[in-house]
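Below is the file structure-v4.txt, which contains compact mmCIF, C-alpha atoms.
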```txt
# COMPACT_ATOMS: atom_id res chain seq x y z
CA VAL A 1 -4.16 22.88 1.21
CA PRO A 2 -2.21 25.84 2.69
CA LEU A 3 0.05 23.36 4.49
CA GLY A 4 0.43 21.47 1.21
CA VAL A 5 1.55 24.65 -0.55
CA PHE A 6 4.08 25.38 2.22
CA TRP A 7 5.60 21.88 2.22
CA SER A 8 5.68 21.72 -1.58
CA LEU A 9 7.64 24.99 -1.72
CA PHE A 10 9.96 24.04 1.15
CA LEU A 11 10.73 20.50 -0.05
CA GLY A 12 10.97 21.69 -3.66
CA LEU A 13 13.79 24.04 -2.60
CA VAL A 14 15.48 21.18 -0.70
CA TRP A 15 15.36 18.90 -3.77
CA LEU A 16 16.62 21.64 -6.10
CA HIS A 17 19.37 23.17 -3.98
CA PHE A 18 20.48 20.74 -1.26
CA LEU A 19 20.32 17.29 -2.87
CA GLU A 20 22.29 15.86 -5.77
CA VAL A 21 20.89 17.06 -9.11
CA PRO A 22 21.27 14.66 -12.07
CA ASP A 23 23.39 15.65 -15.07
CA PRO A 24 21.07 17.66 -17.41
CA SER A 25 22.48 15.81 -20.44
CA VAL A 26 21.34 12.49 -18.94
CA VAL A 27 18.16 13.60 -17.12
CA PRO A 28 16.83 16.77 -18.77
CA HIS A 29 14.18 19.07 -17.24
CA TYR A 30 14.77 17.91 -13.65
CA GLN A 31 13.86 21.33 -12.19
CA ALA A 32 10.55 21.41 -14.08
CA GLY A 33 9.82 17.90 -12.80
CA VAL A 34 10.30 18.93 -9.16
CA VAL A 35 7.95 21.91 -9.62
CA ALA A 36 5.32 19.82 -11.45
CA PHE A 37 5.23 17.09 -8.80
CA GLY A 38 4.99 19.67 -6.00
CA LEU A 39 2.08 21.33 -7.82
CA SER A 40 0.37 17.97 -8.38
CA ALA A 41 0.54 17.25 -4.64
CA VAL A 42 -1.31 20.50 -3.90
CA ILE A 43 -3.96 19.78 -6.57
CA GLU A 44 -4.50 16.27 -5.20
CA LEU A 45 -5.16 17.71 -1.73
CA LEU A 46 -8.22 19.49 -3.18
CA ALA A 47 -9.85 16.07 -3.64
CA GLU A 48 -9.20 15.00 -0.03
CA PRO A 49 -12.56 16.15 1.49
CA PHE A 50 -14.45 14.39 -1.31
CA TRP A 51 -12.35 11.24 -0.91
CA VAL A 52 -12.99 11.13 2.86
CA LEU A 53 -16.73 11.67 2.32
CA ALA A 54 -16.84 8.89 -0.28
CA GLN A 55 -14.93 6.52 2.04
CA ALA A 56 -17.15 7.26 5.03
CA HIS A 57 -20.34 6.59 3.04
CA LEU A 58 -18.96 3.54 1.20
CA PHE A 59 -19.07 5.08 -2.30
CA VAL A 60 -16.82 2.29 -3.55
CA ARG A 61 -17.90 2.61 -7.20
CA LEU A 62 -17.06 6.34 -7.25
CA LYS A 63 -13.58 5.67 -5.86
CA VAL A 64 -12.91 2.86 -8.34
CA ILE A 65 -14.13 4.86 -11.35
CA ALA A 66 -12.31 8.08 -10.35
CA GLU A 67 -8.98 6.36 -9.73
CA SER A 68 -9.32 4.13 -12.81
CA LEU A 69 -10.00 7.10 -15.09
CA ALA A 70 -7.06 9.00 -13.60
CA VAL A 71 -4.63 6.08 -13.91
CA VAL A 72 -5.72 5.19 -17.45
CA SER A 73 -5.40 8.84 -18.56
CA LYS A 74 -1.93 9.05 -17.03
CA CYS A 75 -0.78 5.80 -18.64
CA ILE A 76 -2.10 6.68 -22.11
CA LEU A 77 -0.45 10.12 -22.07
CA THR A 78 2.84 8.65 -20.79
CA VAL A 79 2.95 5.95 -23.49
CA VAL A 80 2.06 8.36 -26.31
CA LEU A 81 4.67 10.95 -25.27
CA VAL A 82 7.40 8.35 -24.59
CA VAL A 83 6.89 6.86 -28.05
CA LEU A 84 6.56 10.16 -29.96
CA TYR A 85 8.78 12.56 -27.97
CA PRO A 86 11.28 10.55 -25.86
CA HIS A 87 13.72 13.49 -25.79
CA TRP A 88 11.29 15.47 -23.60
CA GLY A 89 12.55 13.50 -20.56
CA LEU A 90 10.90 14.38 -17.27
CA TYR A 91 8.39 16.70 -18.99
CA ILE A 92 6.53 13.53 -20.01
CA PHE A 93 6.11 12.17 -16.49
CA SER A 94 5.40 15.64 -15.07
CA TRP A 95 2.53 16.30 -17.47
CA ALA A 96 1.22 12.76 -16.95
CA GLN A 97 1.19 13.27 -13.17
CA LEU A 98 -0.58 16.63 -13.52
CA LEU A 99 -3.18 15.01 -15.80
CA TYR A 100 -3.66 12.20 -13.26
CA VAL A 101 -4.42 14.53 -10.33
CA THR A 102 -6.61 16.82 -12.48
CA VAL A 103 -8.78 13.92 -13.68
CA LEU A 104 -8.98 12.57 -10.11
CA VAL A 105 -10.10 15.90 -8.62
CA MET A 106 -12.56 16.62 -11.45
CA SER A 107 -14.13 13.15 -11.17
CA TYR A 108 -14.92 13.70 -7.49
CA VAL A 109 -16.07 17.29 -7.97
CA ILE A 110 -18.37 16.47 -10.91
CA TYR A 111 -19.89 13.51 -9.07
CA PHE A 112 -20.68 15.46 -5.91
CA VAL A 113 -21.99 18.48 -7.88
CA MET A 114 -24.50 16.11 -9.50
CA PHE A 115 -25.20 14.05 -6.37
CA LEU A 116 -25.67 16.72 -3.69
CA GLY A 117 -29.25 17.96 -3.64
CA SER A 118 -30.42 15.13 -5.92
CA PRO A 119 -33.43 12.89 -5.03
CA GLU A 120 -30.99 10.02 -4.35
CA ALA A 121 -29.12 12.11 -1.76
CA THR A 122 -32.41 13.14 -0.13
CA LYS A 123 -33.55 9.53 -0.05
CA LYS A 124 -30.32 8.48 1.69
CA SER A 125 -30.56 11.44 4.14
CA PHE A 126 -27.07 12.46 3.05
CA PRO A 127 -25.60 14.84 5.70
CA VAL A 128 -24.19 17.32 3.16
CA ALA A 129 -26.69 19.30 1.08
CA ARG A 130 -24.51 21.75 -0.91
CA MET A 131 -20.96 21.94 -2.26
CA LYS A 132 -20.43 25.04 -0.12
CA ALA A 133 -20.62 22.85 2.99
CA LEU A 134 -17.39 21.12 1.91
CA LEU A 135 -15.45 24.38 1.98
CA PRO A 136 -13.85 25.77 5.20
CA ASN A 137 -16.40 27.72 7.25
CA PHE A 138 -17.13 29.00 10.76
CA VAL A 139 -19.97 27.48 12.79
CA GLU A 140 -21.54 30.02 15.12
CA ASP A 141 -22.77 27.68 17.86
CA GLU A 142 -19.52 25.69 18.13
CA THR A 143 -16.03 26.50 19.37
CA PHE A 144 -13.43 27.38 16.78
CA VAL A 145 -11.52 24.14 17.51
CA ASN A 146 -13.00 20.87 18.77
CA TRP A 147 -10.06 19.89 20.96
CA LYS A 148 -11.05 16.23 21.30
CA GLU A 149 -11.12 15.83 17.53
CA ALA A 150 -7.99 17.96 17.17
CA ARG A 151 -6.04 15.67 19.52
CA LEU A 152 -7.24 12.58 17.66
CA THR A 153 -6.29 14.21 14.33
CA TRP A 154 -2.83 15.05 15.67
CA SER A 155 -2.39 11.44 16.82
CA PHE A 156 -3.28 10.13 13.39
CA PHE A 157 -1.03 12.71 11.73
CA LYS A 158 1.95 11.54 13.80
CA GLN A 159 1.08 7.94 13.01
CA SER A 160 0.77 8.69 9.28
CA PHE A 161 4.13 10.50 9.30
CA LEU A 162 5.83 7.56 10.99
CA LYS A 163 4.12 5.07 8.66
CA GLN A 164 5.42 7.11 5.73
CA ILE A 165 8.97 6.70 7.04
CA LEU A 166 8.41 2.98 7.57
CA THR A 167 6.81 2.53 4.13
CA GLU A 168 9.09 4.76 2.04
CA GLY A 169 12.07 5.03 4.38
CA GLU A 170 14.50 3.34 2.01
CA ARG A 171 13.88 6.07 -0.57
CA TYR A 172 14.90 8.74 1.93
CA VAL A 173 18.04 6.76 2.79
CA MET A 174 18.80 6.47 -0.95
CA THR A 175 18.18 10.17 -1.55
CA PHE A 176 19.89 11.76 1.43
CA LEU A 177 22.73 9.32 2.17
CA ASN A 178 23.68 8.45 -1.44
CA VAL A 179 24.18 4.73 -0.71
CA LEU A 180 23.24 3.72 -4.29
CA ASN A 181 24.14 5.34 -7.59
CA PHE A 182 21.36 6.44 -9.95
CA GLY A 183 21.73 3.27 -12.07
CA ASP A 184 21.19 0.93 -9.09
CA GLN A 185 18.32 3.14 -7.92
CA GLY A 186 16.72 2.71 -11.35
CA VAL A 187 16.93 -1.11 -11.18
CA TYR A 188 15.59 -1.02 -7.61
CA ASP A 189 12.66 1.17 -8.71
CA VAL A 190 11.77 -1.14 -11.61
CA VAL A 191 11.81 -4.21 -9.35
CA ASN A 192 9.97 -2.34 -6.58
CA ASN A 193 7.23 -1.24 -8.99
CA LEU A 194 6.87 -4.73 -10.47
CA GLY A 195 6.87 -6.40 -7.07
CA SER A 196 4.34 -4.01 -5.58
CA LEU A 197 1.73 -4.51 -8.33
CA VAL A 198 -0.11 -7.13 -6.27
CA ALA A 199 0.15 -4.99 -3.13
CA ARG A 200 -1.34 -1.97 -4.94
CA PHE A 201 -4.05 -3.73 -6.93
CA VAL A 202 -5.09 -6.51 -4.52
CA PHE A 203 -3.98 -5.87 -0.94
CA LEU A 204 -4.51 -2.09 -0.77
CA PRO A 205 -8.19 -2.17 -1.89
CA ILE A 206 -8.86 -5.02 0.56
CA GLU A 207 -7.18 -3.09 3.38
CA GLU A 208 -9.04 0.19 2.68
CA SER A 209 -12.46 -1.46 2.20
CA PHE A 210 -12.30 -3.65 5.27
CA TYR A 211 -10.89 -0.87 7.46
CA VAL A 212 -14.20 0.91 6.82
CA PHE A 213 -16.09 -2.36 7.41
CA PHE A 214 -14.47 -3.05 10.81
CA ALA A 215 -14.85 0.61 11.85
CA LYS A 216 -18.58 0.45 11.05
CA VAL A 217 -19.28 -2.96 12.63
CA LEU A 218 -17.33 -2.52 15.89
CA GLU A 219 -17.10 0.60 18.08
CA ARG A 220 -13.67 2.14 18.53
CA GLY A 221 -12.23 2.02 22.05
CA LYS A 222 -14.76 -0.49 23.47
CA ASN A 223 -13.70 -3.92 24.71
CA ILE A 224 -15.25 -7.04 23.26
CA LYS A 225 -17.78 -7.56 26.07
CA ASP A 226 -19.36 -4.14 25.44
CA GLN A 227 -19.86 -4.77 21.71
CA LYS A 228 -22.92 -6.38 20.11
CA GLN A 229 -22.12 -10.08 20.04
CA ASP A 230 -23.58 -10.61 16.57
CA ASP A 231 -21.26 -7.91 15.26
CA VAL A 232 -18.29 -9.45 17.07
CA SER A 233 -19.07 -12.84 15.54
CA MET A 234 -19.31 -11.36 12.03
CA ALA A 235 -16.10 -9.32 12.43
CA ALA A 236 -14.16 -12.31 13.80
CA ASN A 237 -15.33 -14.55 10.95
CA VAL A 238 -14.49 -11.97 8.28
CA LEU A 239 -11.08 -11.25 9.84
CA GLU A 240 -10.18 -14.96 9.95
CA LEU A 241 -11.14 -15.51 6.30
CA LEU A 242 -9.40 -12.31 5.18
CA LEU A 243 -6.20 -13.38 6.90
CA LYS A 244 -6.42 -16.78 5.22
CA LEU A 245 -7.05 -15.18 1.82
CA VAL A 246 -4.12 -12.74 1.89
CA LEU A 247 -1.82 -15.36 3.44
CA LEU A 248 -2.47 -17.80 0.59
CA ILE A 249 -2.03 -15.07 -2.04
CA GLY A 250 1.24 -14.04 -0.37
CA LEU A 251 2.50 -17.62 -0.08
CA THR A 252 1.72 -18.28 -3.74
CA ILE A 253 3.69 -15.21 -4.83
CA THR A 254 6.60 -16.06 -2.50
CA VAL A 255 6.87 -19.70 -3.63
CA PHE A 256 6.51 -19.13 -7.37
CA GLY A 257 8.21 -15.74 -7.38
CA TYR A 258 11.47 -17.30 -6.23
CA ALA A 259 11.86 -19.54 -9.29
CA TYR A 260 10.41 -17.17 -11.88
CA SER A 261 11.96 -13.80 -10.93
CA GLN A 262 14.85 -14.06 -13.39
CA LEU A 263 12.58 -15.16 -16.26
CA ALA A 264 10.06 -12.38 -15.54
CA LEU A 265 12.77 -9.70 -15.54
CA ASP A 266 14.39 -11.13 -18.67
CA ILE A 267 11.09 -10.98 -20.56
CA TYR A 268 10.25 -7.55 -19.14
CA GLY A 269 13.56 -5.71 -19.50
CA GLY A 270 16.12 -8.00 -21.09
CA SER A 271 19.61 -8.77 -19.82
CA ILE A 272 20.00 -5.30 -18.22
CA LEU A 273 17.55 -6.34 -15.50
CA SER A 274 18.00 -10.14 -15.44
CA SER A 275 21.80 -10.35 -15.31
CA GLY A 276 22.61 -8.07 -12.35
CA THR A 277 21.05 -7.75 -8.91
CA GLY A 278 17.52 -7.63 -10.38
CA PRO A 279 16.59 -11.34 -9.89
CA ASP A 280 17.83 -11.39 -6.26
CA LEU A 281 15.89 -8.17 -5.60
CA LEU A 282 12.67 -9.60 -7.03
CA ARG A 283 13.11 -12.88 -5.13
CA CYS A 284 13.46 -10.95 -1.87
CA TYR A 285 10.50 -8.79 -2.85
CA SER A 286 8.40 -11.95 -3.35
CA LEU A 287 9.03 -12.75 0.32
CA TYR A 288 8.30 -9.13 1.27
CA VAL A 289 4.89 -9.39 -0.47
CA LEU A 290 3.94 -12.10 2.05
CA PHE A 291 4.76 -9.71 4.92
CA LEU A 292 2.82 -6.91 3.18
CA ALA A 293 -0.21 -9.17 2.77
CA VAL A 294 -0.49 -10.13 6.43
CA ASN A 295 0.41 -6.68 7.74
CA GLY A 296 -2.26 -4.94 5.65
CA VAL A 297 -5.18 -6.90 7.11
CA THR A 298 -3.91 -7.09 10.70
CA GLU A 299 -3.22 -3.33 10.79
CA CYS A 300 -6.54 -2.38 9.18
CA PHE A 301 -8.36 -4.24 11.98
CA THR A 302 -6.09 -2.82 14.68
CA PHE A 303 -6.36 0.81 13.53
CA ALA A 304 -10.14 0.52 13.12
CA LEU A 305 -10.51 -0.32 16.82
CA MET A 306 -7.74 1.60 18.62
CA CYS A 307 -8.80 4.47 20.86
CA GLN A 308 -6.78 7.70 20.99
CA GLU A 309 -4.64 6.57 23.96
CA GLU A 310 -3.74 3.34 22.16
CA VAL A 311 -2.90 5.26 18.99
CA ASP A 312 -0.62 7.55 21.01
CA ARG A 313 1.11 4.57 22.64
CA TYR A 314 1.59 2.95 19.26
CA ASN A 315 3.11 6.17 17.94
CA PHE A 316 5.95 5.78 20.45
CA VAL A 317 6.51 2.23 19.23
CA MET A 318 6.53 3.42 15.62
CA LEU A 319 8.97 6.23 16.47
CA ALA A 320 11.47 3.73 17.82
CA LEU A 321 10.76 1.39 14.91
CA SER A 322 11.28 4.19 12.38
CA PHE A 323 14.67 5.06 13.82
CA SER A 324 15.80 1.43 13.95
CA PHE A 325 14.47 0.82 10.42
CA LEU A 326 16.45 3.72 8.96
CA CYS A 327 19.62 2.54 10.72
CA ILE A 328 19.13 -1.08 9.60
CA SER A 329 18.42 0.10 6.02
CA TYR A 330 21.67 2.03 5.96
CA PHE A 331 23.85 -0.77 7.35
CA LEU A 332 22.20 -3.61 5.37
CA THR A 333 22.60 -1.59 2.17
CA ARG A 334 26.29 -1.02 2.91
CA TRP A 335 26.61 -4.77 3.50
CA HIS A 336 24.34 -6.26 0.82
CA GLY A 337 23.57 -3.48 -1.68
CA SER A 338 19.98 -2.75 -2.72
CA VAL A 339 18.81 -6.15 -1.42
CA GLY A 340 19.46 -4.72 2.06
CA PHE A 341 16.55 -2.30 1.63
CA ILE A 342 14.08 -5.15 1.08
CA LEU A 343 15.51 -7.16 4.00
CA ALA A 344 15.10 -4.08 6.21
CA ASN A 345 11.50 -3.73 5.02
CA CYS A 346 10.84 -7.39 5.91
CA PHE A 347 12.19 -6.73 9.43
CA ASN A 348 10.03 -3.60 9.72
CA MET A 349 6.87 -5.41 8.58
CA GLY A 350 7.60 -8.37 10.87
CA ILE A 351 7.66 -6.07 13.93
CA ARG A 352 4.43 -4.35 12.87
CA ILE A 353 2.71 -7.70 12.26
CA ALA A 354 3.82 -8.90 15.72
CA HIS A 355 2.29 -5.78 17.32
CA SER A 356 -1.01 -6.17 15.44
CA ILE A 357 -1.25 -9.90 16.20
CA HIS A 358 -0.66 -9.16 19.90
CA TYR A 359 -3.46 -6.55 19.81
CA ILE A 360 -5.89 -8.94 18.04
CA TYR A 361 -5.05 -11.77 20.44
CA ASP A 362 -5.66 -9.54 23.47
CA TYR A 363 -8.91 -8.21 21.98
CA PHE A 364 -10.44 -11.66 21.39
CA LYS A 365 -8.91 -13.60 24.31
CA GLU A 366 -12.01 -13.13 26.53
CA SER A 367 -14.28 -14.53 23.81
CA SER A 368 -14.59 -17.87 22.06
CA TYR A 369 -13.45 -16.45 18.70
CA ARG A 370 -9.95 -17.11 17.38
CA PRO A 371 -9.61 -15.21 14.07
CA LEU A 372 -5.80 -15.61 14.11
CA ALA A 373 -6.42 -19.23 13.09
CA GLY A 374 -6.62 -17.74 9.59
CA LEU A 375 -2.82 -17.54 9.64
CA LEU A 376 -2.57 -21.36 9.75
CA PRO A 377 -3.04 -22.98 6.32
CA SER A 378 -3.88 -26.68 6.16
CA PRO A 379 -0.84 -29.04 6.47
CA VAL A 380 -1.62 -30.66 3.10
CA LEU A 381 -1.64 -27.27 1.33
CA LEU A 382 1.60 -26.30 3.10
CA LEU A 383 3.21 -29.52 1.87
CA VAL A 384 2.11 -28.78 -1.71
CA TYR A 385 3.65 -25.28 -1.46
CA ILE A 386 6.97 -26.77 -0.26
CA LEU A 387 7.01 -29.36 -3.07
CA SER A 388 6.12 -26.68 -5.65
CA GLY A 389 8.96 -24.47 -4.42
CA VAL A 390 11.50 -27.33 -4.62
CA ILE A 391 10.34 -28.53 -8.07
CA THR A 392 10.28 -25.05 -9.64
CA SER A 393 13.71 -24.23 -8.18
CA PHE A 394 15.20 -27.34 -9.82
CA SER A 395 13.37 -26.45 -13.02
CA GLU A 396 14.95 -22.97 -12.99
CA ALA A 397 18.42 -24.44 -12.46
CA PHE A 398 18.06 -26.82 -15.43
CA PHE A 399 15.99 -24.82 -17.93
CA CYS A 400 16.36 -21.08 -17.24
CA CYS A 401 17.31 -18.69 -18.60
CA ASP A 402 20.15 -18.95 -21.14
CA LYS A 403 19.18 -22.23 -22.86
CA GLY A 404 16.73 -20.86 -25.44
CA TRP A 405 12.98 -20.45 -25.65
CA MET A 406 12.14 -24.17 -25.67
CA ALA A 407 13.84 -24.59 -22.29
CA ARG A 408 11.99 -21.52 -21.01
CA LEU A 409 8.66 -22.99 -22.16
CA VAL A 410 9.47 -26.21 -20.28
CA HIS A 411 10.23 -24.14 -17.15
CA ILE A 412 6.93 -22.25 -17.55
CA SER A 413 5.04 -25.54 -18.06
CA VAL A 414 6.51 -27.01 -14.87
CA GLY A 415 5.40 -23.89 -12.97
CA ALA A 416 1.91 -24.06 -14.50
CA LEU A 417 1.49 -27.70 -13.41
CA CYS A 418 2.68 -26.91 -9.86
CA PHE A 419 0.38 -23.87 -9.72
CA ALA A 420 -2.58 -25.98 -10.91
CA ALA A 421 -1.83 -28.59 -8.23
CA THR A 422 -1.69 -25.83 -5.61
CA LEU A 423 -5.06 -24.41 -6.73
CA VAL A 424 -6.73 -27.84 -6.70
CA THR A 425 -5.40 -28.52 -3.20
CA MET A 426 -6.62 -25.08 -2.11
CA PHE A 427 -10.13 -25.75 -3.41
CA CYS A 428 -10.23 -29.11 -1.62
CA THR A 429 -8.83 -28.01 1.75
CA GLU A 430 -10.03 -24.39 2.15
CA THR A 431 -13.74 -24.78 1.34
CA LYS A 432 -14.86 -22.11 3.84
CA LEU A 433 -12.52 -19.57 2.25
CA ILE A 434 -13.68 -20.44 -1.28
CA ASP A 435 -17.31 -19.86 -0.23
CA PHE A 436 -16.32 -16.49 1.28
CA VAL A 437 -14.53 -15.38 -1.91
CA ARG A 438 -17.48 -16.45 -4.07
CA SER A 439 -20.02 -14.63 -1.92
CA GLN A 440 -18.00 -11.45 -1.33
```

Would you mind writing the file out in structure tokens?
Amino acid sequence: VPLGVFWSLFLGLVWLHFLEVPDPSVVPHYQAGVVAFGLSAVIELLAEPFWVLAQAHLFVRLKVIAESLAVVSKCILTVVLVVLYPHWGLYIFSWAQLLYVTVLVMSYVIYFVMFLGSPEATKKSFPVARMKALLPNFVEDETFVNWKEARLTWSFFKQSFLKQILTEGERYVMTFLNVLNFGDQGVYDVVNNLGSLVARFVFLPIEESFYVFFAKVLERGKNIKDQKQDDVSMAANVLELLLKLVLLIGLTITVFGYAYSQLALDIYGGSILSSGTGPDLLRCYSLYVLFLAVNGVTECFTFALMCQEEVDRYNFVMLALSFSFLCISYFLTRWHGSVGFILANCFNMGIRIAHSIHYIYDYFKESSYRPLAGLLPSPVLLLVYILSGVITSFSEAFFCCDKGWMARLVHISVGALCFAATLVTMFCTETKLIDFVRSQ
């Protein structure tokens, strides 16, 4: 929290005094927005110990309820204020963000106040008995700093910092190098938020949940021969089916997203979004979703098993990747506008996937398990995807999007038939995966 306060103050000053400030007549209350978002970051850090405790002990329901309440509260307040007081500008989003973090923190605090010391906690032999134990304290019989844990923490901090650059790097390029005007940034943000819905609501929960699963089932830093073989078998089976699941979700979005990006943006935002670079952006983002899908699962397995030395080695790889990604983002954007950011992200994800696949292959090569087979869909299903992509592309060319609503309905019907054919083929060819989804 003290570090959060320092960085919020420092970066707040950078945003207010060293970066381009929007025209107050167009974007009012910008300064208040910067302060509010810095404050919200500090408040959110107060929930971090509770979040880590909930993750470690698999309190999935608590996490889902807390984040759902926070998001719903934020959305309701945003909609009400946008409709009633649109002239308030950034005040609306600032107050909504502050409400979000307050509800999130209070949800965790209230839950643990009620849970700690309760019969349920005693029954589970929960390691924390009082709320006071979650506050900073000195332990008499231990050294002030556990250097082994401190080094591991530092390794993960460096990795998180580099991942932040790789995940949000294009925003820093936009902000500091001014390669896009505010209008193009707005279109990019809309498309980015629409395109990342599946990543946030489907892939991220899978990645977080199964990171904990793999970390619990297999021991970090041990090779496969030193693990319990029943656990190895279970982990390999789950990893293979997870890879197959996210691959098929990603392929479906990529194939159908290409032909329906323009229609989706036209329905969502009208000609402002569907007539410019928006459709090309969303088409590229549909491909990027496939990379996100595979990377999420492969990295969650890799990071669950890496020892500190491997994490440190990977940090060097990520440092080089971060630098190359920022350079590629800059040059691709100069060459191809905002689409260049998404192409740079695809390159970045491709390198990270290659590293994770190499790690998984090396980990399982001395066993009989081949979980990477999950990245190979059946040939029949692949053929159906190709046919669906071709048919829907022709449908878009003939019926979308300036020929009236009847033509649009025909285009949607063609997509629905192709999607139904894809699902039927999936159910017939991927029976093991269907059983896994039903049971889990």

Among the residues A:Trp15, A:Val297, A:Leu9, A:Ser209, the one that comes closest to Phe176 in chain A [using only C-alpha atoms] = A:Trp15

Go through A:Phe256, A:Phe347, A:Phe331, A:Phe419 one by one, measure the shortest atom-to-atom distance of each to Leu177 in chain A using all atoms listed in the file, and give the residue with the smallest value.
-> A:Phe331

Mind pulling up the distance from CA of Glu168 in chain A to CA of Ser261 in chain A?
-> 22.8 Å

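In this structure, CA of Thr167 in chain A sits 28.2 Å away from CA of Leu77 in chain A.
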
List the residues sitting within 10 Å of (-10.5, -16.4, 1.1) in the file's frame, using all atoms listed in the file, as a CSV table (one decimal) with C-alpha atoms, in the coordinates of the input.
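Writing done, so here's selection.csv:
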```csv
chain,number,residue,atom,x,y,z
A,238,VAL,CA,-14.5,-12.0,8.3
A,240,GLU,CA,-10.2,-15.0,10.0
A,241,LEU,CA,-11.1,-15.5,6.3
A,242,LEU,CA,-9.4,-12.3,5.2
A,243,LEU,CA,-6.2,-13.4,6.9
A,244,LYS,CA,-6.4,-16.8,5.2
A,245,LEU,CA,-7.0,-15.2,1.8
A,246,VAL,CA,-4.1,-12.7,1.9
A,247,LEU,CA,-1.8,-15.4,3.4
A,248,LEU,CA,-2.5,-17.8,0.6
A,249,ILE,CA,-2.0,-15.1,-2.0
A,374,GLY,CA,-6.6,-17.7,9.6
A,430,GLU,CA,-10.0,-24.4,2.2
A,431,THR,CA,-13.7,-24.8,1.3
A,432,LYS,CA,-14.9,-22.1,3.8
A,433,LEU,CA,-12.5,-19.6,2.2
A,434,ILE,CA,-13.7,-20.4,-1.3
A,435,ASP,CA,-17.3,-19.9,-0.2
A,436,PHE,CA,-16.3,-16.5,1.3
A,437,VAL,CA,-14.5,-15.4,-1.9
A,438,ARG,CA,-17.5,-16.4,-4.1
A,440,GLN,CA,-18.0,-11.4,-1.3
```

Leu343 in chain A: which residues within 9 Å, counting all atoms listed in the file, same-chain residues fewer than 4 positions away excluded, as a ChimeraX atom specification?
-> /A:284-285,288,329,332,339,347-348

Could the residues in this selection be written to a file with C-alpha atoms, as a CSV table (one decimal), keeping the file's coordinate frame?
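Saved the output as part07.csv:
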```
chain,number,residue,atom,x,y,z
A,284,CYS,CA,13.5,-11.0,-1.9
A,285,TYR,CA,10.5,-8.8,-2.8
A,288,TYR,CA,8.3,-9.1,1.3
A,329,SER,CA,18.4,0.1,6.0
A,332,LEU,CA,22.2,-3.6,5.4
A,339,VAL,CA,18.8,-6.2,-1.4
A,347,PHE,CA,12.2,-6.7,9.4
A,348,ASN,CA,10.0,-3.6,9.7
```

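By only C-alpha atoms, and with residues fewer than 5 positions from Gly33 in chain A along its chain excluded, the set lying at most 7 Å from it is Leu90, Tyr91 and Ser94 of chain A.
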
Just write the chosen residues, C-alpha atoms, as an mmCIF file, in the frame of the given file.
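Listing of result-v5.cif after writing:
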```cif
data_model
loop_
_atom_site.group_PDB
_atom_site.id
_atom_site.type_symbol
_atom_site.label_atom_id
_atom_site.label_comp_id
_atom_site.auth_asym_id
_atom_site.auth_seq_id
_atom_site.Cartn_x
_atom_site.Cartn_y
_atom_site.Cartn_z
ATOM 1 C CA LEU A 90 10.900 14.380 -17.270
ATOM 2 C CA TYR A 91 8.390 16.700 -18.990
ATOM 3 C CA SER A 94 5.400 15.640 -15.070
#
```

Pick the closest to Gly337 in chain A from A:Ile386, A:Glu219, A:Tyr314, A:Val179: which is it, counting all atoms listed in the file?
-> A:Val179

Using all atoms listed in the file, which residues sit within 10 Å of Val5 in chain A once same-chain residues fewer than 6 positions away are excluded, as a PyMOL selection string?
-> chain A and resi 38-39+41-43+45

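Note that CA of Ser388 in chain A and CA of Thr422 in chain A are 7.9 Å apart.
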
Put a box with edges along x, y and z around all the listed atoms of range 266-276 of chain A, pad it by 3 Å on each side, then give me its centre and sizes in Å, one decimal, as lines of an AutoDock Vina configuration file.
```
center_x = 16.4
center_y = -8.2
center_z = -16.7
size_x = 18.4
size_y = 11.8
size_z = 14.7
```

Between A:Leu135, A:Leu58, A:Leu290, A:Ile224, single out the one closest to Ser367 in chain A, counting all atoms listed in the file.
-> A:Ile224

Neighbour list for Phe112 in chain A as an mmCIF file with C-alpha atoms, in the coordinates of the input, cut-off 8 Å, all atoms listed in the file, skip fewer than 3 positions in-chain:
```
data_model
loop_
_atom_site.group_PDB
_atom_site.id
_atom_site.type_symbol
_atom_site.label_atom_id
_atom_site.label_comp_id
_atom_site.auth_asym_id
_atom_site.auth_seq_id
_atom_site.Cartn_x
_atom_site.Cartn_y
_atom_site.Cartn_z
ATOM 1 C CA PHE A 50 -14.450 14.390 -1.310
ATOM 2 C CA TYR A 108 -14.920 13.700 -7.490
ATOM 3 C CA VAL A 109 -16.070 17.290 -7.970
ATOM 4 C CA PHE A 115 -25.200 14.050 -6.370
ATOM 5 C CA LEU A 116 -25.670 16.720 -3.690
ATOM 6 C CA MET A 131 -20.960 21.940 -2.260
#
```
